[in-house]
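work-v1.csv follows (CSV, C-alpha atoms):
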chain,number,residue,atom,x,y,z
A,505,MET,CA,-21.8,51.6,-31.4
A,506,ASP,CA,-18.7,50.7,-29.5
A,507,GLN,CA,-19.1,49.1,-26.1
A,508,LYS,CA,-16.8,50.1,-23.4
A,509,ALA,CA,-14.8,47.3,-21.8
A,510,GLU,CA,-15.9,46.6,-18.3
A,511,PRO,CA,-13.1,47.0,-15.7
A,512,MET,CA,-11.7,43.8,-14.2
A,513,THR,CA,-13.0,43.1,-10.7
A,514,ASP,CA,-10.4,42.8,-8.1
A,515,THR,CA,-11.3,39.7,-6.0
A,516,THR,CA,-8.2,39.9,-3.8
A,517,PRO,CA,-9.3,39.6,-0.1
A,518,ASP,CA,-8.7,42.8,1.9
A,519,TRP,CA,-6.5,41.1,4.4
A,520,LEU,CA,-4.1,39.8,1.6
A,521,ARG,CA,-4.0,43.3,0.0
A,522,GLN,CA,-3.2,44.9,3.3
A,523,GLU,CA,-0.6,42.3,4.4
A,524,ALA,CA,1.2,42.5,1.0
A,525,ASP,CA,1.3,46.3,1.2
A,526,ARG,CA,2.6,46.2,4.7
A,527,LEU,CA,5.2,43.7,3.8
A,528,PHE,CA,6.6,45.6,0.8
A,529,ALA,CA,6.6,48.8,2.8
A,530,ALA,CA,8.7,47.2,5.4
A,531,ALA,CA,11.0,45.6,2.8
A,532,SER,CA,12.2,48.9,1.2
A,533,THR,CA,15.7,47.8,2.3
A,534,PRO,CA,17.1,44.4,1.2
A,535,SER,CA,14.8,41.7,2.6
A,536,ASN,CA,15.9,39.9,5.7
A,537,ALA,CA,14.9,36.7,7.4
A,538,ALA,CA,12.0,38.3,9.2
A,539,HIS,CA,10.6,39.6,5.9
A,540,ARG,CA,10.9,36.1,4.3
A,541,ALA,CA,9.2,34.5,7.3
A,542,ALA,CA,6.3,37.1,7.1
A,543,ALA,CA,5.9,36.4,3.4
A,544,ALA,CA,5.8,32.6,4.0
A,545,ALA,CA,3.2,33.1,6.7
A,546,ILE,CA,1.1,35.1,4.2
A,547,GLY,CA,1.4,32.2,1.7
A,548,GLN,CA,0.3,29.7,4.3
A,549,ARG,CA,-2.7,31.7,5.2
A,550,ALA,CA,-3.6,32.2,1.5
A,551,ALA,CA,-3.5,28.4,1.0
A,552,ALA,CA,-5.6,27.8,4.1
A,553,ASP,CA,-8.2,30.3,2.7
A,554,SER,CA,-8.3,28.4,-0.6
A,555,ILE,CA,-6.8,31.4,-2.5
A,556,SER,CA,-5.2,30.3,-5.7
A,557,LEU,CA,-1.5,30.6,-6.2
A,558,PRO,CA,-1.8,32.9,-9.2
A,559,ALA,CA,-4.0,35.2,-7.1
A,560,LEU,CA,-1.4,35.2,-4.3
A,561,VAL,CA,1.4,36.1,-6.8
A,562,THR,CA,-0.8,38.8,-8.4
A,563,ALA,CA,-1.4,40.4,-5.0
A,564,PHE,CA,2.3,40.5,-4.3
A,565,LEU,CA,3.1,42.1,-7.7
A,566,THR,CA,0.3,44.6,-7.3
A,567,ALA,CA,1.6,45.6,-3.9
A,568,ALA,CA,5.1,45.9,-5.3
A,569,ALA,CA,3.7,48.2,-8.1
A,570,ARG,CA,2.1,50.4,-5.5
A,571,ARG,CA,5.3,50.6,-3.6
A,572,TRP,CA,7.2,51.6,-6.7
A,573,ASP,CA,4.7,54.4,-7.4
A,574,THR,CA,5.4,55.8,-4.0
A,575,THR,CA,9.2,55.4,-4.3
A,576,ALA,CA,9.4,57.0,-7.8
A,577,THR,CA,7.1,59.9,-6.9
A,578,SER,CA,8.9,60.8,-3.7
A,579,ALA,CA,12.4,60.6,-5.2
A,580,SER,CA,11.8,61.9,-8.7
A,581,ALA,CA,14.6,64.5,-8.3
A,582,ASP,CA,17.2,62.0,-7.3
A,583,ALA,CA,18.0,59.5,-10.0
A,584,ARG,CA,20.5,57.6,-7.9
A,585,HIS,CA,17.8,57.1,-5.2
A,586,VAL,CA,15.3,55.9,-7.8
A,587,GLN,CA,17.8,53.4,-9.1
A,588,THR,CA,18.6,52.1,-5.7
A,589,GLY,CA,14.9,51.8,-4.8
A,590,ALA,CA,14.2,49.9,-8.0
A,591,THR,CA,17.0,47.5,-7.3
A,592,ASN,CA,15.8,46.9,-3.8
A,593,LEU,CA,12.2,46.5,-4.9
A,594,LEU,CA,13.2,43.9,-7.6
A,595,ASN,CA,15.1,41.9,-5.0
A,596,ALA,CA,12.2,42.1,-2.7
A,597,ILE,CA,9.8,40.9,-5.4
A,598,GLN,CA,12.0,37.9,-6.1
A,599,THR,CA,12.7,37.0,-2.5
A,600,LEU,CA,9.3,37.7,-0.9
A,601,THR,CA,7.3,36.1,-3.7
A,602,ALA,CA,9.4,33.0,-3.6
A,603,SER,CA,9.0,32.8,0.2
A,604,ALA,CA,5.2,33.3,-0.1
A,605,MET,CA,5.0,30.5,-2.7
A,606,HIS,CA,7.1,28.2,-0.4
A,607,GLY,CA,4.8,28.9,2.5
A,608,TYR,CA,1.8,28.2,0.2
A,609,HIS,CA,3.2,24.8,-0.9
A,610,GLN,CA,4.3,23.9,2.6
A,611,HIS,CA,0.8,24.4,3.8
A,612,ALA,CA,-0.5,22.1,1.0
A,613,ARG,CA,2.1,19.5,1.9
A,614,ASP,CA,1.3,19.7,5.6
A,615,GLU,CA,-2.4,19.4,4.9
A,616,LEU,CA,-1.8,16.4,2.6
A,617,SER,CA,0.3,14.8,5.2
A,618,GLN,CA,-2.4,15.3,7.8
A,619,GLN,CA,-5.0,13.8,5.5
A,620,ASP,CA,-2.7,10.8,4.9
A,621,ALA,CA,-2.3,10.3,8.6
A,622,GLU,CA,-6.0,10.5,9.2
A,623,ARG,CA,-6.7,8.1,6.4
A,624,ALA,CA,-4.1,5.6,7.6
A,625,GLN,CA,-5.6,5.8,11.2
A,626,PHE,CA,-9.1,5.3,9.8
A,627,ILE,CA,-7.9,2.1,7.9
A,628,SER,CA,-6.1,0.9,11.0
A,629,ASP,CA,-9.2,1.4,13.2
A,630,LEU,CA,-11.4,-0.2,10.5
A,631,LEU,CA,-9.2,-3.3,10.3
A,632,SER,CA,-8.7,-3.6,14.1
A,633,GLY,CA,-12.4,-4.2,14.7
A,634,ARG,CA,-12.2,-2.3,18.0
A,635,ALA,CA,-13.4,1.2,17.0
A,636,ASP,CA,-16.9,2.5,17.8
A,637,PRO,CA,-19.2,1.4,14.9
A,638,GLY,CA,-21.1,4.7,14.8
A,639,ARG,CA,-18.1,6.9,14.8
A,640,LEU,CA,-16.4,4.6,12.3
A,641,ALA,CA,-19.4,4.8,9.9
A,642,GLN,CA,-19.2,8.6,10.0
A,643,ARG,CA,-15.5,8.6,9.2
A,644,ALA,CA,-16.0,6.1,6.4
A,645,HIS,CA,-18.5,8.3,4.6
A,646,ARG,CA,-15.6,10.8,4.0
A,647,TYR,CA,-13.8,8.1,2.0
A,648,GLY,CA,-16.9,6.8,0.2
A,649,ILE,CA,-16.9,3.6,2.2
A,650,ARG,CA,-20.2,2.0,3.3
A,651,VAL,CA,-19.2,0.0,6.3
A,652,SER,CA,-22.4,-2.1,6.3
A,653,GLY,CA,-21.7,-3.3,2.8
A,654,THR,CA,-19.7,-6.4,1.7
A,655,HIS,CA,-15.9,-6.0,1.4
A,656,THR,CA,-12.8,-8.0,0.5
A,657,VAL,CA,-9.4,-7.4,2.0
A,658,LEU,CA,-6.2,-8.1,0.0
A,659,VAL,CA,-2.8,-8.2,1.7
A,660,ALA,CA,0.5,-7.9,-0.1
A,661,ARG,CA,3.8,-8.8,1.6
A,662,ALA,CA,7.2,-7.6,0.3
A,663,ASP,CA,10.3,-6.2,2.0
A,664,THR,CA,10.4,-3.4,-0.6
A,665,ILE,CA,6.9,-2.0,-0.1
A,666,THR,CA,7.2,1.7,0.7
A,667,ASP,CA,4.8,4.6,1.3
A,668,ALA,CA,5.6,6.0,-2.2
A,669,VAL,CA,4.8,2.6,-3.9
A,670,THR,CA,1.6,2.3,-1.8
A,671,GLY,CA,0.5,5.8,-2.8
A,672,ARG,CA,1.0,5.1,-6.5
A,673,ILE,CA,-0.8,1.8,-6.4
A,674,ASP,CA,-3.7,3.4,-4.4
A,675,GLU,CA,-4.1,6.1,-7.1
A,676,ALA,CA,-3.9,3.5,-9.9
A,677,LEU,CA,-6.6,1.3,-8.3
A,678,ALA,CA,-8.8,4.2,-7.6
A,679,THR,CA,-8.5,5.4,-11.2
A,680,ARG,CA,-9.3,1.8,-12.4
A,681,TYR,CA,-12.2,1.0,-10.2
A,682,GLY,CA,-13.4,4.4,-9.0
A,683,ALA,CA,-12.9,6.3,-5.8
A,684,GLY,CA,-14.6,4.7,-2.9
A,685,ASN,CA,-14.4,1.2,-4.3
A,686,THR,CA,-10.8,0.6,-3.2
A,687,LEU,CA,-8.8,2.0,-0.3
A,688,THR,CA,-5.1,1.1,-0.1
A,689,SER,CA,-2.7,1.8,2.7
A,690,ARG,CA,0.5,0.6,4.2
A,691,ARG,CA,0.2,-1.1,7.6
A,692,ASP,CA,2.8,-3.1,9.6
A,693,GLY,CA,5.0,-3.1,6.6
A,694,GLN,CA,2.3,-4.7,4.4
A,695,LEU,CA,0.2,-3.2,1.7
A,696,ILE,CA,-3.5,-3.5,2.6
A,697,CYS,CA,-6.2,-3.1,0.0
A,698,LEU,CA,-9.8,-2.8,1.1
A,699,ALA,CA,-12.3,-3.3,-1.8
A,700,THR,CA,-16.0,-3.5,-2.1
A,701,GLY,CA,-17.2,-7.0,-2.9
A,702,GLY,CA,-17.4,-8.1,-6.4
A,703,LEU,CA,-14.7,-6.1,-8.1
A,704,ARG,CA,-13.6,-8.4,-11.0
A,705,GLY,CA,-9.9,-8.8,-11.7
A,706,LEU,CA,-8.7,-6.8,-8.6
A,707,PRO,CA,-6.2,-9.4,-7.4
A,708,ALA,CA,-4.7,-9.6,-10.9
A,709,GLU,CA,-4.6,-5.8,-11.2
A,710,LEU,CA,-2.8,-5.5,-7.9
A,711,ALA,CA,-0.4,-8.1,-8.9
A,712,HIS,CA,0.3,-6.2,-12.2
A,713,HIS,CA,1.2,-3.1,-10.2
A,714,LEU,CA,3.4,-4.9,-7.8
A,715,LEU,CA,5.2,-6.5,-10.7
A,716,THR,CA,5.7,-3.1,-12.3
A,717,HIS,CA,7.0,-1.4,-9.1
A,718,LEU,CA,8.8,-4.3,-7.3
A,719,GLY,CA,9.7,-6.7,-10.1
A,720,PRO,CA,8.7,-10.3,-10.6
A,721,THR,CA,9.8,-11.8,-7.3
A,722,GLY,CA,9.8,-11.0,-3.6
A,723,TRP,CA,6.1,-10.3,-3.1
A,724,GLN,CA,3.0,-12.3,-2.6
A,725,ILE,CA,-0.7,-11.4,-2.3
A,726,GLY,CA,-3.3,-13.0,0.0
A,727,VAL,CA,-7.0,-12.5,-0.8
A,728,GLY,CA,-9.6,-12.9,1.8
A,729,ARG,CA,-13.2,-13.9,1.1
A,730,PRO,CA,-15.9,-11.2,0.8
A,731,HIS,CA,-17.8,-10.6,4.1
A,732,PRO,CA,-20.5,-8.1,5.2
A,733,ALA,CA,-20.3,-5.3,7.8
A,734,ALA,CA,-17.3,-4.0,9.8
A,735,GLN,CA,-16.6,-7.4,11.5
A,736,GLY,CA,-16.6,-9.0,8.0
A,737,ILE,CA,-13.7,-6.7,7.1
A,738,VAL,CA,-11.7,-8.0,10.0
A,739,THR,CA,-12.5,-11.6,9.1
A,740,SER,CA,-11.4,-11.0,5.5
A,741,LEU,CA,-8.2,-9.5,6.7
A,742,ASP,CA,-7.5,-12.5,8.9
A,743,GLU,CA,-8.2,-14.9,6.0
A,744,ALA,CA,-5.8,-12.9,3.7
A,745,THR,CA,-3.0,-12.9,6.2
A,746,GLY,CA,-3.7,-16.5,7.1
A,747,ALA,CA,-3.3,-17.5,3.4
A,748,LEU,CA,0.1,-15.8,3.4
A,749,ASP,CA,1.1,-17.5,6.6
A,750,LEU,CA,0.2,-20.9,5.1
A,751,ALA,CA,2.2,-20.1,2.0
A,752,THR,CA,5.2,-19.5,4.2
A,753,LYS,CA,4.8,-22.7,6.1
A,754,LEU,CA,4.0,-24.8,3.0
A,755,GLY,CA,6.4,-23.2,0.7
A,756,PHE,CA,3.8,-22.0,-1.8
A,757,THR,CA,5.3,-19.6,-4.3
A,758,THR,CA,2.1,-18.7,-6.2
A,759,PRO,CA,1.9,-14.9,-6.5
A,760,VAL,CA,-1.8,-14.7,-5.6
A,761,LEU,CA,-3.3,-16.9,-2.9
A,762,HIS,CA,-7.1,-17.0,-2.4
A,763,ALA,CA,-8.2,-18.0,1.1
A,764,ALA,CA,-11.2,-19.7,-0.5
A,765,ASP,CA,-8.8,-22.2,-2.2
A,766,LEU,CA,-7.0,-23.0,1.1
A,767,LEU,CA,-10.0,-23.9,3.4
A,768,VAL,CA,-8.7,-27.4,3.9
A,769,PHE,CA,-5.7,-26.3,5.8
A,770,PRO,CA,-7.5,-24.5,8.7
A,771,VAL,CA,-9.6,-27.7,9.0
A,772,LEU,CA,-6.4,-29.8,9.3
A,773,LEU,CA,-5.0,-27.4,12.0
A,774,ARG,CA,-8.2,-27.3,13.9
A,775,ASP,CA,-7.6,-30.7,15.3
A,776,ARG,CA,-3.9,-30.6,16.0
A,777,ASP,CA,-3.8,-33.9,17.9
A,778,ALA,CA,-5.4,-35.7,15.0
A,779,ILE,CA,-3.0,-34.3,12.3
A,780,THR,CA,0.0,-35.0,14.6
A,781,ASP,CA,-1.2,-38.6,15.0
A,782,LEU,CA,-1.6,-38.9,11.2
A,783,VAL,CA,1.9,-37.5,10.5
A,784,THR,CA,3.7,-39.7,13.1
A,785,THR,CA,1.7,-42.8,12.1
A,786,VAL,CA,2.1,-42.5,8.3
A,787,LEU,CA,5.4,-40.8,7.9
A,788,GLY,CA,7.1,-41.6,11.2
A,789,PRO,CA,8.8,-44.8,9.8
A,790,LEU,CA,10.7,-42.6,7.3
A,791,ALA,CA,12.7,-41.3,10.2
A,792,ALA,CA,14.5,-44.6,10.3
A,793,ALA,CA,15.7,-44.4,6.7
A,794,ARG,CA,19.3,-43.5,5.9
A,795,GLY,CA,19.5,-39.8,5.4
A,796,GLY,CA,16.3,-39.2,7.3
A,797,PRO,CA,12.8,-38.5,6.1
A,798,GLN,CA,13.4,-35.2,4.3
A,799,PRO,CA,14.4,-36.6,0.8
A,800,PHE,CA,11.3,-38.7,0.8
A,801,LEU,CA,9.1,-35.8,1.8
A,802,ASP,CA,10.6,-33.7,-1.0
A,803,THR,CA,9.9,-36.5,-3.4
A,804,LEU,CA,6.3,-36.9,-2.4
A,805,THR,CA,5.7,-33.1,-2.4
A,806,ALA,CA,7.1,-32.8,-6.0
A,807,LEU,CA,5.1,-35.8,-7.1
A,808,PHE,CA,1.8,-34.3,-5.8
A,809,ASP,CA,2.7,-30.9,-7.3
A,810,ASN,CA,3.1,-32.6,-10.7
A,811,GLN,CA,-0.1,-34.7,-10.5
A,812,GLY,CA,1.8,-37.9,-10.1
A,813,ASN,CA,4.0,-37.5,-13.3
A,814,HIS,CA,7.3,-39.2,-12.6
A,815,THR,CA,9.2,-37.5,-15.4
A,816,ALA,CA,8.2,-34.0,-14.3
A,817,THR,CA,9.0,-35.0,-10.7
A,818,ALA,CA,12.5,-36.2,-11.6
A,819,ARG,CA,13.1,-33.0,-13.6
A,820,GLN,CA,12.0,-30.8,-10.7
A,821,LEU,CA,14.3,-32.7,-8.2
A,822,HIS,CA,17.2,-33.0,-10.7
A,823,LEU,CA,17.0,-36.8,-10.4
A,824,SER,CA,16.6,-39.6,-12.8
A,825,VAL,CA,13.2,-41.2,-13.2
A,826,ARG,CA,14.7,-44.4,-11.9
A,827,ALA,CA,15.8,-42.7,-8.7
A,828,VAL,CA,12.3,-41.3,-8.2
A,829,THR,CA,10.8,-44.7,-8.6
A,830,TYR,CA,13.3,-46.2,-6.1
A,831,ARG,CA,12.4,-43.6,-3.5
A,832,LEU,CA,8.7,-44.2,-4.0
A,833,ASP,CA,9.2,-48.0,-3.6
A,834,ARG,CA,11.3,-47.3,-0.5
A,835,ILE,CA,8.4,-45.2,0.9
A,836,HIS,CA,6.1,-48.1,0.3
A,837,THR,CA,8.4,-50.5,2.0
A,838,LEU,CA,8.9,-48.3,5.1
A,839,THR,CA,5.3,-46.9,5.6
A,840,GLY,CA,3.1,-49.4,3.8
A,841,TYR,CA,1.6,-46.6,1.7
A,842,HIS,CA,2.2,-46.0,-2.0
A,843,PRO,CA,1.1,-42.8,-3.9
A,844,GLY,CA,0.3,-44.9,-6.9
A,845,GLU,CA,-2.6,-46.5,-5.0
A,846,PRO,CA,-5.7,-44.3,-5.2
A,847,THR,CA,-6.9,-45.2,-1.7
A,848,GLN,CA,-3.6,-44.4,-0.2
A,849,ARG,CA,-2.6,-41.3,-2.2
A,850,PHE,CA,-5.0,-39.0,-0.3
A,851,THR,CA,-3.7,-40.3,3.1
A,852,LEU,CA,-0.1,-39.7,2.0
A,853,GLN,CA,-0.7,-36.3,0.6
A,854,THR,CA,-2.7,-35.2,3.7
A,855,ALA,CA,0.2,-36.5,5.9
A,856,VAL,CA,2.8,-34.6,3.9
A,857,LEU,CA,0.8,-31.4,4.1
A,858,GLY,CA,0.3,-31.9,7.8
A,859,ALA,CA,4.1,-32.4,8.2
A,860,ARG,CA,4.7,-29.1,6.5
A,861,LEU,CA,2.1,-27.4,8.7
A,862,LEU,CA,3.6,-28.9,11.9
A,863,GLY,CA,7.2,-28.3,10.8
A,864,TRP,CA,7.9,-32.1,10.9
A,865,PRO,CA,10.6,-33.4,11.1
A,866,PRO,CA,11.9,-30.8,13.5
A,867,PRO,CA,15.4,-29.4,12.7
A,868,ASP,CA,18.3,-31.1,14.5
If you convert what's in this file into structure tokens, what do you get?
Amino acid sequence: MDQKAEPMTDTTPDWLRQEADRLFAAASTPSNAAHRAAAAAIGQRAAADSISLPALVTAFLTAAARRWDTTATSASADARHVQTGATNLLNAIQTLTASAMHGYHQHARDELSQQDAERAQFISDLLSGRADPGRLAQRAHRYGIRVSGTHTVLVARADTITDAVTGRIDEALATRYGAGNTLTSRRDGQLICLATGGLRGLPAELAHHLLTHLGPTGWQIGVGRPHPAAQGIVTSLDEATGALDLATKLGFTTPVLHAADLLVFPVLLRDRDAITDLVTTVLGPLAAARGGPQPFLDTLTALFDNQGNHTATARQLHLSVRAVTYRLDRIHTLTGYHPGEPTQRFTLQTAVLGARLLGWPPPD
């Protein structure tokens, strides 16, 4: 026994059907700016009501079909009138449907832009440490963030970081580690990545994406230590930016800098008088050398970077090994310290690091 096919259910909202009918009735003549604006407004309302784009287009085509039925019936005796009406209706379908789709997409773009602005403001409030904790926790739930948990902040600096690059990296990290485990935004020209504590390989993953989008140079990442609660996020941010600031002062070019590996430097800076006294006492005599202290500081820096290897130091400085040896002997003569002596190496290296932190010697 054959079964009759059930008629398709029309799920078009009444308001959309009525507005589409009214629009095509008004647009029986070539569509003008007012008609296009009305169609765009319908598209925006449809997007706001979560009506799908195919449903919107179908509603417009159905309204156009009803309009054609009316036109053809009323003018069946006048072929020229029918042809003119068909031409006008086809033009109206093309113009008004395109306007409605534009309005639909514009609403989606506006909504996305609003979401991005709210997200950026949330991250800014979260990192500032000045927002109301209760309100902050409510907003954090929307992004899958548990403020009371442990988090790590990564900061990437580069002149070429843009919103588009940040968006692509945010999507890639969310795909890799799961939504809610990372939150990436652009703030004060820097890329800020907030991550739940314990995500393995995240600094390397972020470096990989920066390498892909920005190239091999011109960027650097600072990684804070994991800390609990909202205040811990601020602390981790300070550590990450502090690591990048130290890299600038000390000339570190390592792509990824972990604050945990640089804890000695805040200790040195904590007692500025003591480190200043160490620098002037140990390295001060180099100022009397011909050419000033800078060549000797460069030699010591390269020597320590190469674990005391004279050949590698000479290669880095574009000098002969004999010239390096002469400079080290000259340092010994002027200061009384020699990097070859185990008991004196640490004092010299600490003094050299302190000089770089203090900006000694000052520029002429």
Subject >> Residue contacts of Ser603 (chain A) (7 Å, all atoms listed in the file) excluding same-chain residues fewer than 6 positions away, as a ChimeraX atom specification >> reply: /A:540,543-544
Subject >> Between CA of Gly671 (chain A) and CA of Ala763 (chain A), distance in Å (one decimal) >> reply: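 Going from CA of Gly671 (chain A) over to CA of Ala763 (chain A) covers 25.6 Å.
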Original post:
Counting all atoms listed in the file, what is within 8 Å of region 652-655 of chain A, bar same-chain residues fewer than 5 positions away, as number ranges by chain?
Top reply: A: 698-701, 730-734, 736-737, 740
Subject >> Residue nearest Gln724 (chain A) - candidates A:Val856, A:Val659, A:Leu706, A:Ala668, atoms counted: all atoms listed in the file >> reply: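 Comparing A:Val856, A:Val659, A:Leu706, A:Ala668 against Gln724 (chain A), the winner is A:Val659.
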Which residues, written as a PDB file with C-alpha atoms, in the frame of the given file, have at least one atom at most 8 Å from Ile673 (chain A), with only C-alpha atoms counted and residues fewer than 5 positions away on the same chain left out?
ATOM      1  CA  THR A 688      -5.100   1.100  -0.100  1.00  0.00           C
ATOM      2  CA  LEU A 710      -2.800  -5.500  -7.900  1.00  0.00           C
ATOM      3  CA  HIS A 713       1.200  -3.100 -10.200  1.00  0.00           C
TER       4      HIS A 713
END
